[in-house]
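Trainee: So here's model-v4.pdb, just PDB, N, CA and C atoms:
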```pdb
ATOM      1  N   MET A   1      -6.778 -17.549  -7.846
ATOM      2  CA  MET A   1      -5.981 -16.461  -8.388
ATOM      3  C   MET A   1      -6.122 -15.195  -7.544
ATOM      4  N   TYR A   2      -7.367 -14.837  -7.209
ATOM      5  CA  TYR A   2      -7.579 -13.620  -6.426
ATOM      6  C   TYR A   2      -6.998 -13.742  -5.026
ATOM      7  N   GLU A   3      -7.140 -14.938  -4.439
ATOM      8  CA  GLU A   3      -6.598 -15.138  -3.099
ATOM      9  C   GLU A   3      -5.083 -14.981  -3.106
ATOM     10  N   GLU A   4      -4.440 -15.524  -4.143
ATOM     11  CA  GLU A   4      -2.981 -15.424  -4.238
ATOM     12  C   GLU A   4      -2.543 -13.967  -4.395
ATOM     13  N   SER A   5      -3.256 -13.219  -5.240
ATOM     14  CA  SER A   5      -2.936 -11.799  -5.432
ATOM     15  C   SER A   5      -3.128 -11.030  -4.135
ATOM     16  N   PHE A   6      -4.204 -11.356  -3.407
ATOM     17  CA  PHE A   6      -4.480 -10.701  -2.138
ATOM     18  C   PHE A   6      -3.336 -10.961  -1.160
ATOM     19  N   CYS A   7      -2.927 -12.222  -1.063
ATOM     20  CA  CYS A   7      -1.857 -12.595  -0.129
ATOM     21  C   CYS A   7      -0.549 -11.884  -0.471
ATOM     22  N   LYS A   8      -0.199 -11.885  -1.744
ATOM     23  CA  LYS A   8       1.048 -11.236  -2.170
ATOM     24  C   LYS A   8       1.013  -9.744  -1.891
ATOM     25  N   ARG A   9      -0.145  -9.114  -2.150
ATOM     26  CA  ARG A   9      -0.260  -7.673  -1.923
ATOM     27  C   ARG A   9      -0.124  -7.356  -0.441
ATOM     28  N   LEU A  10      -0.741  -8.155   0.402
ATOM     29  CA  LEU A  10      -0.638  -7.922   1.840
ATOM     30  C   LEU A  10       0.816  -8.038   2.296
ATOM     31  N   ILE A  11       1.513  -9.047   1.807
ATOM     32  CA  ILE A  11       2.926  -9.211   2.157
ATOM     33  C   ILE A  11       3.721  -7.990   1.709
ATOM     34  N   GLN A  12       3.498  -7.562   0.463
ATOM     35  CA  GLN A  12       4.228  -6.411  -0.079
ATOM     36  C   GLN A  12       4.004  -5.165   0.768
ATOM     37  N   LEU A  13       2.754  -4.868   1.065
ATOM     38  CA  LEU A  13       2.438  -3.646   1.812
ATOM     39  C   LEU A  13       2.933  -3.714   3.251
ATOM     40  N   ARG A  14       2.833  -4.887   3.849
ATOM     41  CA  ARG A  14       3.326  -5.040   5.226
ATOM     42  C   ARG A  14       4.840  -4.859   5.269
ATOM     43  N   MET A  15       5.535  -5.442   4.297
ATOM     44  CA  MET A  15       7.001  -5.318   4.252
ATOM     45  C   MET A  15       7.413  -3.864   3.997
ATOM     46  N   GLU A  16       6.660  -3.159   3.135
ATOM     47  CA  GLU A  16       6.965  -1.745   2.903
ATOM     48  C   GLU A  16       6.837  -0.947   4.195
ATOM     49  N   LYS A  17       5.872  -1.332   5.024
ATOM     50  CA  LYS A  17       5.690  -0.645   6.308
ATOM     51  C   LYS A  17       6.781  -1.049   7.301
ATOM     52  N   GLY A  18       7.426  -2.184   7.045
ATOM     53  CA  GLY A  18       8.537  -2.609   7.902
ATOM     54  C   GLY A  18       8.103  -3.232   9.208
ATOM     55  N   VAL A  19       6.997  -3.963   9.201
ATOM     56  CA  VAL A  19       6.523  -4.611  10.422
ATOM     57  C   VAL A  19       6.400  -6.114  10.197
ATOM     58  N   SER A  20       6.492  -6.847  11.279
ATOM     59  CA  SER A  20       6.334  -8.302  11.190
ATOM     60  C   SER A  20       4.852  -8.641  11.132
ATOM     61  N   ALA A  21       4.563  -9.829  10.634
ATOM     62  CA  ALA A  21       3.172 -10.296  10.583
ATOM     63  C   ALA A  21       2.602 -10.382  11.998
ATOM     64  N   ARG A  22       3.421 -10.809  12.933
ATOM     65  CA  ARG A  22       2.973 -10.919  14.327
ATOM     66  C   ARG A  22       2.600  -9.552  14.896
ATOM     67  N   ASP A  23       3.484  -8.571  14.723
ATOM     68  CA  ASP A  23       3.206  -7.228  15.247
ATOM     69  C   ASP A  23       1.968  -6.632  14.610
ATOM     70  N   MET A  24       1.807  -6.840  13.314
ATOM     71  CA  MET A  24       0.631  -6.314  12.636
ATOM     72  C   MET A  24      -0.637  -6.978  13.167
ATOM     73  N   SER A  25      -0.583  -8.294  13.349
ATOM     74  CA  SER A  25      -1.737  -9.025  13.896
ATOM     75  C   SER A  25      -2.161  -8.443  15.238
ATOM     76  N   LEU A  26      -1.194  -8.282  16.112
ATOM     77  CA  LEU A  26      -1.494  -7.771  17.454
ATOM     78  C   LEU A  26      -1.983  -6.324  17.399
ATOM     79  N   SER A  27      -1.431  -5.539  16.487
ATOM     80  CA  SER A  27      -1.816  -4.126  16.380
ATOM     81  C   SER A  27      -3.254  -3.938  15.916
ATOM     82  N   ILE A  28      -3.761  -4.910  15.155
ATOM     83  CA  ILE A  28      -5.162  -4.791  14.715
ATOM     84  C   ILE A  28      -6.105  -5.610  15.599
ATOM     85  N   GLY A  29      -5.587  -6.055  16.749
ATOM     86  CA  GLY A  29      -6.422  -6.718  17.745
ATOM     87  C   GLY A  29      -6.711  -8.181  17.472
ATOM     88  N   GLN A  30      -5.809  -8.841  16.778
ATOM     89  CA  GLN A  30      -6.014 -10.256  16.455
ATOM     90  C   GLN A  30      -4.958 -11.118  17.140
ATOM     91  N   ASN A  31      -5.100 -12.425  17.000
ATOM     92  CA  ASN A  31      -4.113 -13.323  17.591
ATOM     93  C   ASN A  31      -2.799 -13.188  16.822
ATOM     94  N   PRO A  32      -1.680 -13.592  17.431
ATOM     95  CA  PRO A  32      -0.360 -13.369  16.820
ATOM     96  C   PRO A  32      -0.172 -13.968  15.426
ATOM     97  N   GLY A  33      -0.877 -15.042  15.088
ATOM     98  CA  GLY A  33      -0.700 -15.688  13.797
ATOM     99  C   GLY A  33      -1.711 -15.274  12.732
ATOM    100  N   TYR A  34      -2.554 -14.286  13.035
ATOM    101  CA  TYR A  34      -3.649 -13.915  12.130
ATOM    102  C   TYR A  34      -3.161 -13.489  10.741
ATOM    103  N   ILE A  35      -2.258 -12.529  10.677
ATOM    104  CA  ILE A  35      -1.781 -12.030   9.384
ATOM    105  C   ILE A  35      -1.014 -13.129   8.654
ATOM    106  N   ASN A  36      -0.250 -13.921   9.379
ATOM    107  CA  ASN A  36       0.469 -15.025   8.764
ATOM    108  C   ASN A  36      -0.499 -15.997   8.093
ATOM    109  N   SER A  37      -1.631 -16.270   8.724
ATOM    110  CA  SER A  37      -2.605 -17.200   8.135
ATOM    111  C   SER A  37      -3.211 -16.627   6.857
ATOM    112  N   ILE A  38      -3.361 -15.318   6.783
ATOM    113  CA  ILE A  38      -3.868 -14.678   5.564
ATOM    114  C   ILE A  38      -2.794 -14.723   4.479
ATOM    115  N   GLU A  39      -1.578 -14.353   4.850
ATOM    116  CA  GLU A  39      -0.491 -14.314   3.873
ATOM    117  C   GLU A  39      -0.159 -15.700   3.309
ATOM    118  N   SER A  40      -0.383 -16.736   4.097
ATOM    119  CA  SER A  40      -0.110 -18.091   3.627
ATOM    120  C   SER A  40      -1.283 -18.681   2.857
ATOM    121  N   GLY A  41      -2.375 -17.940   2.763
ATOM    122  CA  GLY A  41      -3.532 -18.401   2.008
ATOM    123  C   GLY A  41      -4.453 -19.336   2.769
ATOM    124  N   LYS A  42      -4.237 -19.478   4.057
ATOM    125  CA  LYS A  42      -5.075 -20.363   4.866
ATOM    126  C   LYS A  42      -6.397 -19.713   5.257
ATOM    127  N   ALA A  43      -6.447 -18.396   5.206
ATOM    128  CA  ALA A  43      -7.656 -17.671   5.609
ATOM    129  C   ALA A  43      -7.736 -16.356   4.844
ATOM    130  N   LEU A  44      -8.919 -15.795   4.830
ATOM    131  CA  LEU A  44      -9.115 -14.440   4.307
ATOM    132  C   LEU A  44      -9.775 -13.625   5.407
ATOM    133  N   PRO A  45      -9.506 -12.335   5.476
ATOM    134  CA  PRO A  45     -10.096 -11.521   6.541
ATOM    135  C   PRO A  45     -11.573 -11.250   6.276
ATOM    136  N   SER A  46     -12.300 -11.000   7.343
ATOM    137  CA  SER A  46     -13.667 -10.511   7.186
ATOM    138  C   SER A  46     -13.581  -9.108   6.590
ATOM    139  N   MET A  47     -14.677  -8.598   6.122
ATOM    140  CA  MET A  47     -14.688  -7.251   5.546
ATOM    141  C   MET A  47     -14.226  -6.227   6.585
ATOM    142  N   MET A  48     -14.706  -6.347   7.801
ATOM    143  CA  MET A  48     -14.326  -5.397   8.854
ATOM    144  C   MET A  48     -12.828  -5.494   9.135
ATOM    145  N   ASN A  49     -12.304  -6.705   9.209
ATOM    146  CA  ASN A  49     -10.868  -6.844   9.457
ATOM    147  C   ASN A  49     -10.044  -6.344   8.278
ATOM    148  N   PHE A  50     -10.565  -6.497   7.069
ATOM    149  CA  PHE A  50      -9.877  -5.930   5.907
ATOM    150  C   PHE A  50      -9.767  -4.415   6.049
ATOM    151  N   PHE A  51     -10.828  -3.768   6.507
ATOM    152  CA  PHE A  51     -10.780  -2.319   6.724
ATOM    153  C   PHE A  51      -9.771  -1.961   7.813
ATOM    154  N   TYR A  52      -9.684  -2.782   8.861
ATOM    155  CA  TYR A  52      -8.687  -2.549   9.909
ATOM    156  C   TYR A  52      -7.271  -2.696   9.347
ATOM    157  N   ILE A  53      -7.090  -3.684   8.473
ATOM    158  CA  ILE A  53      -5.786  -3.885   7.835
ATOM    159  C   ILE A  53      -5.405  -2.654   7.017
ATOM    160  N   CYS A  54      -6.345  -2.162   6.219
ATOM    161  CA  CYS A  54      -6.074  -0.966   5.407
ATOM    162  C   CYS A  54      -5.777   0.240   6.283
ATOM    163  N   GLU A  55      -6.544   0.400   7.347
ATOM    164  CA  GLU A  55      -6.304   1.519   8.270
ATOM    165  C   GLU A  55      -4.911   1.406   8.875
ATOM    166  N   TYR A  56      -4.524   0.214   9.274
ATOM    167  CA  TYR A  56      -3.198   0.003   9.850
ATOM    168  C   TYR A  56      -2.103   0.339   8.840
ATOM    169  N   LEU A  57      -2.319  -0.031   7.585
ATOM    170  CA  LEU A  57      -1.338   0.238   6.527
ATOM    171  C   LEU A  57      -1.399   1.680   6.024
ATOM    172  N   GLU A  58      -2.391   2.424   6.523
ATOM    173  CA  GLU A  58      -2.601   3.831   6.150
ATOM    174  C   GLU A  58      -2.877   3.987   4.650
ATOM    175  N   ILE A  59      -3.725   3.094   4.134
ATOM    176  CA  ILE A  59      -4.132   3.153   2.735
ATOM    177  C   ILE A  59      -5.638   2.925   2.657
ATOM    178  N   THR A  60      -6.208   3.180   1.497
ATOM    179  CA  THR A  60      -7.616   2.899   1.275
ATOM    180  C   THR A  60      -7.763   1.487   0.698
ATOM    181  N   PRO A  61      -8.955   0.923   0.781
ATOM    182  CA  PRO A  61      -9.172  -0.373   0.114
ATOM    183  C   PRO A  61      -8.859  -0.304  -1.386
ATOM    184  N   MET A  62      -9.168   0.812  -2.008
ATOM    185  CA  MET A  62      -8.851   0.979  -3.424
ATOM    186  C   MET A  62      -7.339   0.898  -3.648
ATOM    187  N   ASP A  63      -6.561   1.529  -2.777
ATOM    188  CA  ASP A  63      -5.100   1.450  -2.867
ATOM    189  C   ASP A  63      -4.631  -0.001  -2.729
ATOM    190  N   PHE A  64      -5.269  -0.734  -1.832
ATOM    191  CA  PHE A  64      -4.866  -2.117  -1.609
ATOM    192  C   PHE A  64      -4.980  -2.927  -2.895
ATOM    193  N   PHE A  65      -6.060  -2.724  -3.619
ATOM    194  CA  PHE A  65      -6.298  -3.517  -4.819
ATOM    195  C   PHE A  65      -5.684  -2.936  -6.084
ATOM    196  N   ASP A  66      -4.985  -1.822  -5.971
ATOM    197  CA  ASP A  66      -4.276  -1.275  -7.124
ATOM    198  C   ASP A  66      -2.903  -1.952  -7.164
ATOM    199  N   PHE A  67      -2.875  -3.156  -7.734
ATOM    200  CA  PHE A  67      -1.669  -3.988  -7.708
ATOM    201  C   PHE A  67      -0.506  -3.375  -8.475
ATOM    202  N   ASP A  68      -0.772  -2.410  -9.335
ATOM    203  CA  ASP A  68       0.303  -1.768 -10.094
ATOM    204  C   ASP A  68       0.970  -0.632  -9.319
ATOM    205  N   MET A  69       0.370  -0.223  -8.208
ATOM    206  CA  MET A  69       0.920   0.902  -7.445
ATOM    207  C   MET A  69       1.788   0.390  -6.301
ATOM    208  N   ASN A  70       3.053   0.723  -6.384
ATOM    209  CA  ASN A  70       3.950   0.438  -5.271
ATOM    210  C   ASN A  70       3.964   1.651  -4.355
ATOM    211  N   HIS A  71       4.115   1.420  -3.093
ATOM    212  CA  HIS A  71       4.230   2.486  -2.092
ATOM    213  C   HIS A  71       3.018   3.430  -2.107
ATOM    214  N   PRO A  72       1.804   2.917  -1.936
ATOM    215  CA  PRO A  72       0.622   3.780  -2.016
ATOM    216  C   PRO A  72       0.600   4.918  -0.993
ATOM    217  N   LYS A  73       1.078   4.670   0.197
ATOM    218  CA  LYS A  73       1.095   5.728   1.224
ATOM    219  C   LYS A  73       1.979   6.890   0.772
ATOM    220  N   GLU A  74       3.161   6.564   0.266
ATOM    221  CA  GLU A  74       4.082   7.604  -0.189
ATOM    222  C   GLU A  74       3.551   8.328  -1.421
ATOM    223  N   MET A  75       2.878   7.586  -2.297
ATOM    224  CA  MET A  75       2.303   8.210  -3.498
ATOM    225  C   MET A  75       1.254   9.254  -3.122
ATOM    226  N   LYS A  76       0.463   8.962  -2.118
ATOM    227  CA  LYS A  76      -0.535   9.943  -1.658
ATOM    228  C   LYS A  76       0.148  11.202  -1.137
ATOM    229  N   GLN A  77       1.231  11.020  -0.376
ATOM    230  CA  GLN A  77       1.954  12.179   0.156
ATOM    231  C   GLN A  77       2.568  12.989  -0.970
ATOM    232  N   ILE A  78       3.146  12.327  -1.951
ATOM    233  CA  ILE A  78       3.730  13.036  -3.099
ATOM    234  C   ILE A  78       2.652  13.821  -3.833
ATOM    235  N   THR A  79       1.496  13.207  -4.031
ATOM    236  CA  THR A  79       0.398  13.888  -4.714
ATOM    237  C   THR A  79      -0.037  15.121  -3.931
ATOM    238  N   ARG A  80      -0.127  15.001  -2.613
ATOM    239  CA  ARG A  80      -0.485  16.170  -1.786
ATOM    240  C   ARG A  80       0.565  17.269  -1.930
ATOM    241  N   ASP A  81       1.834  16.861  -1.898
ATOM    242  CA  ASP A  81       2.913  17.844  -2.020
ATOM    243  C   ASP A  81       2.901  18.511  -3.396
ATOM    244  N   LEU A  82       2.662  17.727  -4.438
ATOM    245  CA  LEU A  82       2.609  18.291  -5.790
ATOM    246  C   LEU A  82       1.506  19.331  -5.935
ATOM    247  N   SER A  83       0.415  19.106  -5.259
ATOM    248  CA  SER A  83      -0.710  20.045  -5.372
ATOM    249  C   SER A  83      -0.391  21.407  -4.755
ATOM    250  N   ARG A  84       0.650  21.481  -3.966
ATOM    251  CA  ARG A  84       1.043  22.740  -3.321
ATOM    252  C   ARG A  84       2.078  23.532  -4.122
ATOM    253  N   LEU A  85       2.562  22.953  -5.217
ATOM    254  CA  LEU A  85       3.589  23.620  -6.018
ATOM    255  C   LEU A  85       2.992  24.658  -6.956
ATOM    256  N   SER A  86       3.818  25.617  -7.324
ATOM    257  CA  SER A  86       3.407  26.580  -8.351
ATOM    258  C   SER A  86       3.367  25.855  -9.695
ATOM    259  N   ASP A  87       2.749  26.457 -10.690
ATOM    260  CA  ASP A  87       2.689  25.856 -12.023
ATOM    261  C   ASP A  87       4.095  25.589 -12.562
ATOM    262  N   SER A  88       4.977  26.534 -12.363
ATOM    263  CA  SER A  88       6.355  26.392 -12.846
ATOM    264  C   SER A  88       7.061  25.225 -12.157
ATOM    265  N   GLN A  89       6.934  25.131 -10.843
ATOM    266  CA  GLN A  89       7.550  24.041 -10.101
ATOM    267  C   GLN A  89       6.971  22.690 -10.537
ATOM    268  N   PHE A  90       5.668  22.669 -10.717
ATOM    269  CA  PHE A  90       5.007  21.437 -11.135
ATOM    270  C   PHE A  90       5.535  20.972 -12.488
ATOM    271  N   GLN A  91       5.664  21.882 -13.427
ATOM    272  CA  GLN A  91       6.172  21.530 -14.754
ATOM    273  C   GLN A  91       7.606  21.004 -14.679
ATOM    274  N   ASN A  92       8.415  21.622 -13.818
ATOM    275  CA  ASN A  92       9.797  21.150 -13.644
ATOM    276  C   ASN A  92       9.828  19.707 -13.122
ATOM    277  N   ILE A  93       9.007  19.434 -12.123
ATOM    278  CA  ILE A  93       8.942  18.086 -11.564
ATOM    279  C   ILE A  93       8.433  17.105 -12.615
ATOM    280  N   LYS A  94       7.445  17.503 -13.369
ATOM    281  CA  LYS A  94       6.886  16.655 -14.423
ATOM    282  C   LYS A  94       7.974  16.275 -15.438
ATOM    283  N   GLU A  95       8.802  17.231 -15.818
ATOM    284  CA  GLU A  95       9.884  16.975 -16.765
ATOM    285  C   GLU A  95      10.939  16.038 -16.168
ATOM    286  N   ILE A  96      11.245  16.230 -14.900
ATOM    287  CA  ILE A  96      12.218  15.354 -14.223
ATOM    288  C   ILE A  96      11.694  13.918 -14.204
ATOM    289  N   ILE A  97      10.440  13.756 -13.867
ATOM    290  CA  ILE A  97       9.854  12.415 -13.807
ATOM    291  C   ILE A  97       9.856  11.773 -15.196
ATOM    292  N   ALA A  98       9.482  12.542 -16.207
ATOM    293  CA  ALA A  98       9.484  12.018 -17.582
ATOM    294  C   ALA A  98      10.887  11.585 -17.978
ATOM    295  N   ASP A  99      11.880  12.368 -17.618
ATOM    296  CA  ASP A  99      13.267  12.039 -17.943
ATOM    297  C   ASP A  99      13.715  10.769 -17.207
ATOM    298  N   LEU A 100      13.372  10.661 -15.931
ATOM    299  CA  LEU A 100      13.730   9.469 -15.150
ATOM    300  C   LEU A 100      13.035   8.223 -15.698
ATOM    301  N   ALA A 101      11.796   8.374 -16.115
ATOM    302  CA  ALA A 101      11.046   7.232 -16.656
ATOM    303  C   ALA A 101      11.672   6.726 -17.960
ATOM    304  N   LYS A 102      12.255   7.631 -18.728
ATOM    305  CA  LYS A 102      12.915   7.242 -19.974
ATOM    306  C   LYS A 102      14.165   6.400 -19.690
ATOM    307  N   THR A 103      14.892   6.765 -18.639
ATOM    308  CA  THR A 103      16.147   6.065 -18.332
ATOM    309  C   THR A 103      15.939   4.759 -17.613
ATOM    310  N   LYS A 104      14.738   4.523 -17.116
ATOM    311  CA  LYS A 104      14.375   3.274 -16.421
ATOM    312  C   LYS A 104      15.432   2.868 -15.410
ATOM    313  N   LEU A 105      15.502   3.668 -14.360
ATOM    314  CA  LEU A 105      16.493   3.426 -13.316
ATOM    315  C   LEU A 105      16.367   2.057 -12.724
TER     316      LEU A 105
END
```
Once you've parsed the file, please lay out its structure as structure tokens.
Mentor:
Amino acid sequence: MYEESFCKRLIQLRMEKGVSARDMSLSIGQNPGYINSIESGKALPSMMNFFYICEYLEITPMDFFDFDMNHPKEMKQITRDLSRLSDSQFQNIKEIIADLAKTKL
């Protein structure tokens, strides 16, 4: 079960980044089929390679395992941007988000 969740999450995050498994493999210093072997469930990365994968995806290991969070990189940027808003601006954004969540786009 955990291996399957890991594989699916890696596929999701890699696709969000818009890169092929081959390009990602080569970018983290592995053979061309490395990421494909992980995504297909044939292998799991070492701890060090997992950290390289997270670094490449620009997320933390905690973000990787937060299966309910889509687009973790963008969520971090939004959170940083929100922290720079005035109280009034923040409340306006909060209301917009609440309204959008009700309509379930």
Trainee: Chain A: which residues are alpha helix (DSSP H) by DSSP, as a PyMOL selection string?
Mentor: chain A and resi 2-17+21-27+34-39+47-57+61-65+72-82+87-103
Trainee: Mind giving me the straight-line distance from CA of Met15 (chain A) to CA of Leu57 (chain A) in Å, one decimal?
Mentor: 10.3 Å
Trainee: For CA of Asn36 (chain A) and CA of Ala21 (chain A), quote the distance in Å rounded to one decimal.
Mentor: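 So the answer is 5.7 Å.
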Trainee: Name the closest residue to Arg22 (chain A) among the candidates A:Ile97, A:Lys102, A:Tyr34, A:Ser5; distances are taken between atoms, counting all atoms listed in the file.
Mentor: A:Tyr34
Trainee: Report, in Å with one decimal, the straight-line distance from atom C of Met48 (chain A) to atom C of Arg80 (chain A).
Mentor: 28.6 Å
Trainee: So, counting only N, CA and C atoms, which residue among A:Tyr2, A:Cys7, A:Pro61, A:Leu82 is closest to Gly41 (chain A)?
Mentor: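 Distance minimum relative to Gly41 (chain A) lands on A:Cys7.
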Trainee: Tell me which protein, DNA and RNA residues are within 10 Å of Lys8 (chain A), counting only C-alpha atoms, leaving out same-chain ones fewer than 3 positions away, and put them as a ChimeraX atom specification.
Mentor: /A:2-5,11-14,38-41,67
Trainee: For Met24 (chain A), which residue out of A:Lys76, A:Tyr56, A:Arg84, A:Ala98 is the nearest one, using only N, CA and C atoms?
Mentor: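 The closest residue to Met24 (chain A) is A:Tyr56.
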Trainee: Give me the residues near Glu58 (chain A) as a list in words, where near means some atom within 7 Å (using only N, CA and C atoms) and where sequence neighbours in that chain fewer than 4 positions away do not count.
Mentor: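 Close residues of Glu58 (chain A): Ile53, Cys54, Pro72 and Lys73 of chain A.
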Trainee: Using the structure block above, produce a file of region 71-83 of chain A that contains N, CA, C and O atoms, as a PDB file, in the first residue's frame.
Mentor:
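Okay, this is what ended up in out.pdb:
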```
ATOM      1  N   HIS A  71      -0.116  20.438  -5.657  1.00  0.00           N
ATOM      2  CA  HIS A  71       0.716  21.596  -6.000  1.00  0.00           C
ATOM      3  C   HIS A  71       1.458  22.161  -4.780  1.00  0.00           C
ATOM      4  O   HIS A  71       1.342  23.351  -4.476  1.00  0.00           O
ATOM      5  N   PRO A  72       2.250  21.355  -4.082  1.00  0.00           N
ATOM      6  CA  PRO A  72       2.917  21.845  -2.871  1.00  0.00           C
ATOM      7  C   PRO A  72       3.849  23.036  -3.101  1.00  0.00           C
ATOM      8  O   PRO A  72       3.905  23.943  -2.268  1.00  0.00           O
ATOM      9  N   LYS A  73       4.537  23.060  -4.211  1.00  0.00           N
ATOM     10  CA  LYS A  73       5.445  24.186  -4.496  1.00  0.00           C
ATOM     11  C   LYS A  73       4.655  25.491  -4.593  1.00  0.00           C
ATOM     12  O   LYS A  73       5.027  26.504  -4.012  1.00  0.00           O
ATOM     13  N   GLU A  74       3.546  25.451  -5.320  1.00  0.00           N
ATOM     14  CA  GLU A  74       2.724  26.650  -5.480  1.00  0.00           C
ATOM     15  C   GLU A  74       2.065  27.061  -4.168  1.00  0.00           C
ATOM     16  O   GLU A  74       1.923  28.245  -3.881  1.00  0.00           O
ATOM     17  N   MET A  75       1.676  26.071  -3.368  1.00  0.00           N
ATOM     18  CA  MET A  75       1.061  26.378  -2.068  1.00  0.00           C
ATOM     19  C   MET A  75       2.039  27.127  -1.164  1.00  0.00           C
ATOM     20  O   MET A  75       1.653  28.053  -0.456  1.00  0.00           O
ATOM     21  N   LYS A  76       3.291  26.738  -1.198  1.00  0.00           N
ATOM     22  CA  LYS A  76       4.304  27.450  -0.399  1.00  0.00           C
ATOM     23  C   LYS A  76       4.432  28.896  -0.859  1.00  0.00           C
ATOM     24  O   LYS A  76       4.540  29.802  -0.049  1.00  0.00           O
ATOM     25  N   GLN A  77       4.430  29.105  -2.179  1.00  0.00           N
ATOM     26  CA  GLN A  77       4.538  30.468  -2.705  1.00  0.00           C
ATOM     27  C   GLN A  77       3.323  31.289  -2.316  1.00  0.00           C
ATOM     28  O   GLN A  77       3.442  32.451  -1.915  1.00  0.00           O
ATOM     29  N   ILE A  78       2.143  30.711  -2.405  1.00  0.00           N
ATOM     30  CA  ILE A  78       0.921  31.424  -2.009  1.00  0.00           C
ATOM     31  C   ILE A  78       0.985  31.797  -0.535  1.00  0.00           C
ATOM     32  O   ILE A  78       0.634  32.923  -0.157  1.00  0.00           O
ATOM     33  N   THR A  79       1.436  30.870   0.296  1.00  0.00           N
ATOM     34  CA  THR A  79       1.546  31.143   1.728  1.00  0.00           C
ATOM     35  C   THR A  79       2.523  32.286   1.981  1.00  0.00           C
ATOM     36  O   THR A  79       2.251  33.172   2.797  1.00  0.00           O
ATOM     37  N   ARG A  80       3.647  32.289   1.277  1.00  0.00           N
ATOM     38  CA  ARG A  80       4.611  33.396   1.426  1.00  0.00           C
ATOM     39  C   ARG A  80       3.975  34.720   1.009  1.00  0.00           C
ATOM     40  O   ARG A  80       4.120  35.737   1.684  1.00  0.00           O
ATOM     41  N   ASP A  81       3.252  34.684  -0.111  1.00  0.00           N
ATOM     42  CA  ASP A  81       2.610  35.908  -0.597  1.00  0.00           C
ATOM     43  C   ASP A  81       1.535  36.392   0.377  1.00  0.00           C
ATOM     44  O   ASP A  81       1.406  37.588   0.614  1.00  0.00           O
ATOM     45  N   LEU A  82       0.761  35.464   0.922  1.00  0.00           N
ATOM     46  CA  LEU A  82      -0.279  35.842   1.884  1.00  0.00           C
ATOM     47  C   LEU A  82       0.301  36.515   3.121  1.00  0.00           C
ATOM     48  O   LEU A  82      -0.305  37.432   3.681  1.00  0.00           O
ATOM     49  N   SER A  83       1.459  36.072   3.524  1.00  0.00           N
ATOM     50  CA  SER A  83       2.071  36.646   4.730  1.00  0.00           C
ATOM     51  C   SER A  83       2.492  38.102   4.528  1.00  0.00           C
ATOM     52  O   SER A  83       2.714  38.823   5.493  1.00  0.00           O
TER      53      SER A  83
END
```
